[in-house]
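Colleague: query-v9.cif is reproduced below (mmCIF, C-alpha atoms, pLDDT in the B column; chains and numbers go by the auth columns).
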```cif
data_data
loop_
_atom_site.group_PDB
_atom_site.id
_atom_site.type_symbol
_atom_site.label_atom_id
_atom_site.label_comp_id
_atom_site.label_asym_id
_atom_site.label_seq_id
_atom_site.Cartn_x
_atom_site.Cartn_y
_atom_site.Cartn_z
_atom_site.B_iso_or_equiv
_atom_site.auth_seq_id
_atom_site.auth_asym_id
ATOM 1 C CA MET A 1 -44.187 1.621 175.981 50.00 1159 A
ATOM 2 C CA MET A 2 -40.985 3.638 175.475 54.00 1160 A
ATOM 3 C CA THR A 3 -38.653 2.978 172.575 55.00 1161 A
ATOM 4 C CA GLU A 4 -35.096 4.160 172.131 66.00 1162 A
ATOM 5 C CA ALA A 5 -34.586 6.918 169.616 85.00 1163 A
ATOM 6 C CA THR A 6 -32.427 6.145 166.611 93.00 1164 A
ATOM 7 C CA PRO A 7 -29.125 8.037 166.783 95.00 1165 A
ATOM 8 C CA LYS A 8 -28.916 10.952 164.356 96.00 1166 A
ATOM 9 C CA PRO A 9 -25.950 12.866 162.915 97.00 1167 A
ATOM 10 C CA LEU A 10 -24.957 15.884 164.976 96.00 1168 A
ATOM 11 C CA VAL A 11 -25.729 19.196 163.283 96.00 1169 A
ATOM 12 C CA GLU A 12 -22.234 20.419 164.206 96.00 1170 A
ATOM 13 C CA ASN A 13 -20.613 17.983 161.742 98.00 1171 A
ATOM 14 C CA VAL A 14 -19.308 19.510 158.520 98.00 1172 A
ATOM 15 C CA SER A 15 -20.847 17.876 155.484 97.00 1173 A
ATOM 16 C CA GLY A 16 -18.905 15.112 153.836 97.00 1174 A
ATOM 17 C CA ARG A 17 -17.985 11.468 154.046 98.00 1175 A
ATOM 18 C CA PHE A 18 -17.697 11.130 157.850 98.00 1176 A
ATOM 19 C CA HIS A 19 -20.016 12.222 160.655 98.00 1177 A
ATOM 20 C CA VAL A 20 -20.624 11.651 164.385 98.00 1178 A
ATOM 21 C CA LEU A 21 -24.002 10.603 165.785 97.00 1179 A
ATOM 22 C CA ASP A 22 -25.747 12.088 168.808 96.00 1180 A
ATOM 23 C CA CYS A 23 -25.001 8.928 170.820 97.00 1181 A
ATOM 24 C CA CYS A 24 -21.382 10.119 171.253 96.00 1182 A
ATOM 25 C CA ASN A 25 -20.381 9.915 174.924 95.00 1183 A
ATOM 26 C CA GLY A 26 -17.467 12.369 174.683 95.00 1184 A
ATOM 27 C CA CYS A 27 -14.733 9.840 175.473 95.00 1185 A
ATOM 28 C CA GLY A 28 -12.264 11.492 173.078 95.00 1186 A
ATOM 29 C CA LEU A 29 -10.763 8.408 171.457 96.00 1187 A
ATOM 30 C CA CYS A 30 -11.643 9.746 168.012 97.00 1188 A
ATOM 31 C CA MET A 31 -9.648 12.903 168.550 95.00 1189 A
ATOM 32 C CA SER A 32 -6.660 10.929 169.826 96.00 1190 A
ATOM 33 C CA TYR A 33 -6.589 9.040 166.509 98.00 1191 A
ATOM 34 C CA ALA A 34 -7.602 11.857 164.124 98.00 1192 A
ATOM 35 C CA ILE A 35 -7.029 15.277 165.707 97.00 1193 A
ATOM 36 C CA HIS A 36 -7.209 16.851 162.246 98.00 1194 A
ATOM 37 C CA SER A 37 -10.892 15.886 161.862 98.00 1195 A
ATOM 38 C CA PHE A 38 -12.519 15.855 165.300 98.00 1196 A
ATOM 39 C CA THR A 39 -13.097 18.524 167.911 96.00 1197 A
ATOM 40 C CA PHE A 40 -14.985 18.792 171.216 94.00 1198 A
ATOM 41 C CA ASP A 41 -18.083 20.761 172.089 87.00 1199 A
ATOM 42 C CA ASP A 42 -17.458 22.044 175.640 81.00 1200 A
ATOM 43 C CA SER A 43 -21.056 22.967 176.297 83.00 1201 A
ATOM 44 C CA ALA A 44 -22.522 19.568 175.470 79.00 1202 A
ATOM 45 C CA CYS A 45 -19.654 17.098 176.009 90.00 1203 A
ATOM 46 C CA PHE A 46 -19.421 15.434 172.604 95.00 1204 A
ATOM 47 C CA TYR A 47 -17.051 15.282 169.654 97.00 1205 A
ATOM 48 C CA TYR A 48 -17.929 15.995 166.032 97.00 1206 A
ATOM 49 C CA VAL A 49 -16.297 16.243 162.610 98.00 1207 A
ATOM 50 C CA TYR A 50 -15.162 19.840 162.143 98.00 1208 A
ATOM 51 C CA ARG A 51 -13.009 19.083 159.096 98.00 1209 A
ATOM 52 C CA GLN A 52 -13.193 16.202 156.636 98.00 1210 A
ATOM 53 C CA PRO A 53 -9.902 14.347 156.178 98.00 1211 A
ATOM 54 C CA GLU A 54 -7.603 15.327 153.335 97.00 1212 A
ATOM 55 C CA GLY A 55 -5.481 12.613 151.754 97.00 1213 A
ATOM 56 C CA GLN A 56 -5.345 8.888 152.331 98.00 1214 A
ATOM 57 C CA GLU A 57 -3.348 9.082 155.576 98.00 1215 A
ATOM 58 C CA GLU A 58 -5.992 11.280 157.233 98.00 1216 A
ATOM 59 C CA VAL A 59 -8.786 9.034 155.925 98.00 1217 A
ATOM 60 C CA GLU A 60 -7.026 6.037 157.469 98.00 1218 A
ATOM 61 C CA ASP A 61 -6.762 7.914 160.786 98.00 1219 A
ATOM 62 C CA VAL A 62 -10.537 8.471 160.801 98.00 1220 A
ATOM 63 C CA LEU A 63 -11.166 4.821 159.871 98.00 1221 A
ATOM 64 C CA ARG A 64 -9.031 3.799 162.876 98.00 1222 A
ATOM 65 C CA ALA A 65 -11.076 6.170 165.054 98.00 1223 A
ATOM 66 C CA ILE A 66 -14.240 4.452 163.791 98.00 1224 A
ATOM 67 C CA SER A 67 -12.812 1.059 164.742 98.00 1225 A
ATOM 68 C CA VAL A 68 -12.171 2.085 168.384 98.00 1226 A
ATOM 69 C CA CYS A 69 -15.291 4.168 169.065 98.00 1227 A
ATOM 70 C CA PRO A 70 -17.036 2.469 172.025 97.00 1228 A
ATOM 71 C CA MET A 71 -20.412 3.975 171.117 97.00 1229 A
ATOM 72 C CA ASP A 72 -20.208 3.169 167.376 97.00 1230 A
ATOM 73 C CA ALA A 73 -20.972 6.860 166.921 98.00 1231 A
ATOM 74 C CA ILE A 74 -18.726 7.666 163.942 98.00 1232 A
ATOM 75 C CA LYS A 75 -20.125 6.806 160.537 98.00 1233 A
ATOM 76 C CA ASP A 76 -18.702 6.626 157.024 98.00 1234 A
ATOM 77 C CA ARG A 77 -21.027 7.494 154.143 95.00 1235 A
ATOM 78 C CA GLY A 78 -18.464 5.999 151.763 85.00 1236 A
ATOM 79 C CA ASN A 79 -16.550 7.639 148.979 63.00 1237 A
#
```
In structure tokens, write the structure found in this file.

Modeller:
Amino acid sequence: MMTEATPKPLVENVSGRFHVLDCCNGCGLCMSYAIHSFTFDDSACFYYVYRQPEGQEEVEDVLRAISVCPMDAIKDRGN
């Protein structure tokens, strides 16, 4: 019997409050909401957190990206 693997944080993420899981499908919505925090890996077709947000406005941008992610692949570890 096969079971689905639990999604894990991508190793490309910088450490901090937010991270992207390996279930990311590369749709790019996150980057359209928070270009300051997300970038694309061309070789593997996924996005990851390359820079944690600075200031409340950037945090709110990432929270909006979380709310629209179709794969539920962006996570918030909290403050």

Colleague: Please report the interatomic distance between CA of Leu1187 (chain A) and CA of Asp1199 (chain A) in Å with one decimal.

Modeller: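 If I compute the distance from CA of Leu1187 (chain A) to CA of Asp1199 (chain A), I get 14.4 Å.
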
Colleague: Identify, on the basis of only C-alpha atoms, every residue whose closest approach to region 1214-1224 of chain A does not exceed 10 Å; exclude the query and any residue fewer than 4 positions from it along the same chain; express the result as a PyMOL selection string.

Modeller: chain A and resi 1175-1176+1178+1186-1196+1207+1210+1228-1234

Colleague: Rank nothing, just name the residue among A:Gly1174, A:Ala1163, A:Cys1185, A:Val1169 nearest to Arg1209 (chain A), using only C-alpha atoms.

Modeller: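 Looking at the shortest contact to Arg1209 (chain A), the residue is A:Gly1174.
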
Colleague: Emit region 1186-1201 of chain A of the structure in the block as a file comprising all heavy atoms, as a compact mmCIF listing (two decimals), in the first residue's frame.

Modeller:
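Written out: part-v7.txt:
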```txt
# COMPACT_ATOMS: atom_id res chain seq x y z
N GLY A 1186 3.42 30.59 -9.42
CA GLY A 1186 3.91 31.96 -9.39
C GLY A 1186 3.03 32.99 -8.73
O GLY A 1186 3.37 34.17 -8.70
N LEU A 1187 1.89 32.58 -8.19
CA LEU A 1187 1.03 33.56 -7.52
C LEU A 1187 1.74 34.22 -6.35
O LEU A 1187 1.59 35.41 -6.12
CB LEU A 1187 -0.27 32.90 -7.03
CG LEU A 1187 -1.31 32.64 -8.09
CD1 LEU A 1187 -2.47 31.83 -7.51
CD2 LEU A 1187 -1.82 33.95 -8.66
N CYS A 1188 2.53 33.46 -5.61
CA CYS A 1188 3.24 34.03 -4.46
C CYS A 1188 4.12 35.20 -4.88
O CYS A 1188 4.12 36.25 -4.24
CB CYS A 1188 4.05 32.96 -3.74
SG CYS A 1188 5.28 32.14 -4.78
N MET A 1189 4.84 35.03 -5.94
CA MET A 1189 5.75 36.08 -6.39
C MET A 1189 4.98 37.29 -6.89
O MET A 1189 5.44 38.43 -6.74
CB MET A 1189 6.68 35.55 -7.47
CG MET A 1189 7.84 36.47 -7.74
SD MET A 1189 9.09 35.61 -8.69
CE MET A 1189 9.85 36.97 -9.52
N SER A 1190 3.80 37.08 -7.45
CA SER A 1190 3.01 38.23 -7.91
C SER A 1190 2.49 39.05 -6.74
O SER A 1190 2.24 40.25 -6.89
CB SER A 1190 1.86 37.77 -8.81
OG SER A 1190 0.90 37.05 -8.08
N TYR A 1191 2.36 38.46 -5.57
CA TYR A 1191 1.91 39.19 -4.38
C TYR A 1191 3.08 39.70 -3.54
O TYR A 1191 2.94 40.71 -2.85
CB TYR A 1191 1.04 38.30 -3.50
CG TYR A 1191 -0.37 38.18 -4.01
CD1 TYR A 1191 -0.69 37.24 -4.99
CD2 TYR A 1191 -1.37 39.01 -3.55
CE1 TYR A 1191 -1.98 37.14 -5.48
CE2 TYR A 1191 -2.66 38.91 -4.04
CZ TYR A 1191 -2.96 37.98 -5.00
OH TYR A 1191 -4.23 37.89 -5.49
N ALA A 1192 4.20 39.00 -3.54
CA ALA A 1192 5.33 39.35 -2.65
C ALA A 1192 6.65 39.11 -3.36
O ALA A 1192 7.44 38.26 -2.98
CB ALA A 1192 5.24 38.55 -1.37
N ILE A 1193 6.92 39.91 -4.39
CA ILE A 1193 8.14 39.74 -5.19
C ILE A 1193 9.40 39.93 -4.35
O ILE A 1193 10.45 39.38 -4.67
CB ILE A 1193 8.12 40.70 -6.40
CG1 ILE A 1193 9.19 40.29 -7.41
CG2 ILE A 1193 8.25 42.15 -5.95
CD1 ILE A 1193 9.05 40.97 -8.75
N HIS A 1194 9.30 40.66 -3.27
CA HIS A 1194 10.44 40.91 -2.39
C HIS A 1194 10.86 39.67 -1.60
O HIS A 1194 11.96 39.65 -1.06
CB HIS A 1194 10.12 42.05 -1.42
CG HIS A 1194 8.83 41.84 -0.70
ND1 HIS A 1194 8.66 40.93 0.32
CD2 HIS A 1194 7.62 42.41 -0.91
CE1 HIS A 1194 7.41 40.96 0.72
NE2 HIS A 1194 6.75 41.85 -0.02
N SER A 1195 10.00 38.64 -1.53
CA SER A 1195 10.31 37.48 -0.70
C SER A 1195 10.46 36.17 -1.46
O SER A 1195 11.09 35.25 -0.97
CB SER A 1195 9.23 37.30 0.38
OG SER A 1195 9.32 38.34 1.33
N PHE A 1196 9.84 36.07 -2.64
CA PHE A 1196 9.84 34.80 -3.36
C PHE A 1196 10.65 34.90 -4.65
O PHE A 1196 10.69 35.95 -5.29
CB PHE A 1196 8.41 34.38 -3.71
CG PHE A 1196 7.56 34.11 -2.51
CD1 PHE A 1196 6.72 35.09 -2.00
CD2 PHE A 1196 7.61 32.89 -1.85
CE1 PHE A 1196 5.94 34.85 -0.88
CE2 PHE A 1196 6.84 32.65 -0.74
CZ PHE A 1196 6.01 33.63 -0.24
N THR A 1197 11.25 33.79 -5.03
CA THR A 1197 11.93 33.69 -6.31
C THR A 1197 11.73 32.28 -6.85
O THR A 1197 11.29 31.38 -6.14
CB THR A 1197 13.42 34.06 -6.20
OG1 THR A 1197 13.94 34.27 -7.51
CG2 THR A 1197 14.23 33.00 -5.48
N PHE A 1198 12.09 32.09 -8.12
CA PHE A 1198 11.83 30.85 -8.85
C PHE A 1198 13.11 30.06 -9.07
O PHE A 1198 14.16 30.65 -9.35
CB PHE A 1198 11.23 31.23 -10.22
CG PHE A 1198 10.77 30.07 -11.03
CD1 PHE A 1198 9.67 29.33 -10.67
CD2 PHE A 1198 11.43 29.73 -12.20
CE1 PHE A 1198 9.23 28.28 -11.43
CE2 PHE A 1198 11.00 28.68 -12.99
CZ PHE A 1198 9.89 27.95 -12.59
N ASP A 1199 13.00 28.77 -8.95
CA ASP A 1199 14.12 27.88 -9.27
C ASP A 1199 13.88 27.34 -10.68
O ASP A 1199 12.98 26.51 -10.89
CB ASP A 1199 14.21 26.74 -8.26
CG ASP A 1199 15.39 25.84 -8.53
OD1 ASP A 1199 15.39 25.17 -9.59
OD2 ASP A 1199 16.30 25.80 -7.70
N ASP A 1200 14.64 27.83 -11.65
CA ASP A 1200 14.45 27.43 -13.06
C ASP A 1200 14.65 25.95 -13.30
O ASP A 1200 13.99 25.35 -14.14
CB ASP A 1200 15.42 28.20 -13.97
CG ASP A 1200 15.03 29.65 -14.10
OD1 ASP A 1200 13.84 29.96 -14.07
OD2 ASP A 1200 15.95 30.47 -14.24
N SER A 1201 15.56 25.35 -12.58
CA SER A 1201 15.88 23.95 -12.85
C SER A 1201 14.84 22.98 -12.32
O SER A 1201 14.74 21.86 -12.80
CB SER A 1201 17.25 23.60 -12.26
OG SER A 1201 17.21 23.70 -10.85
```
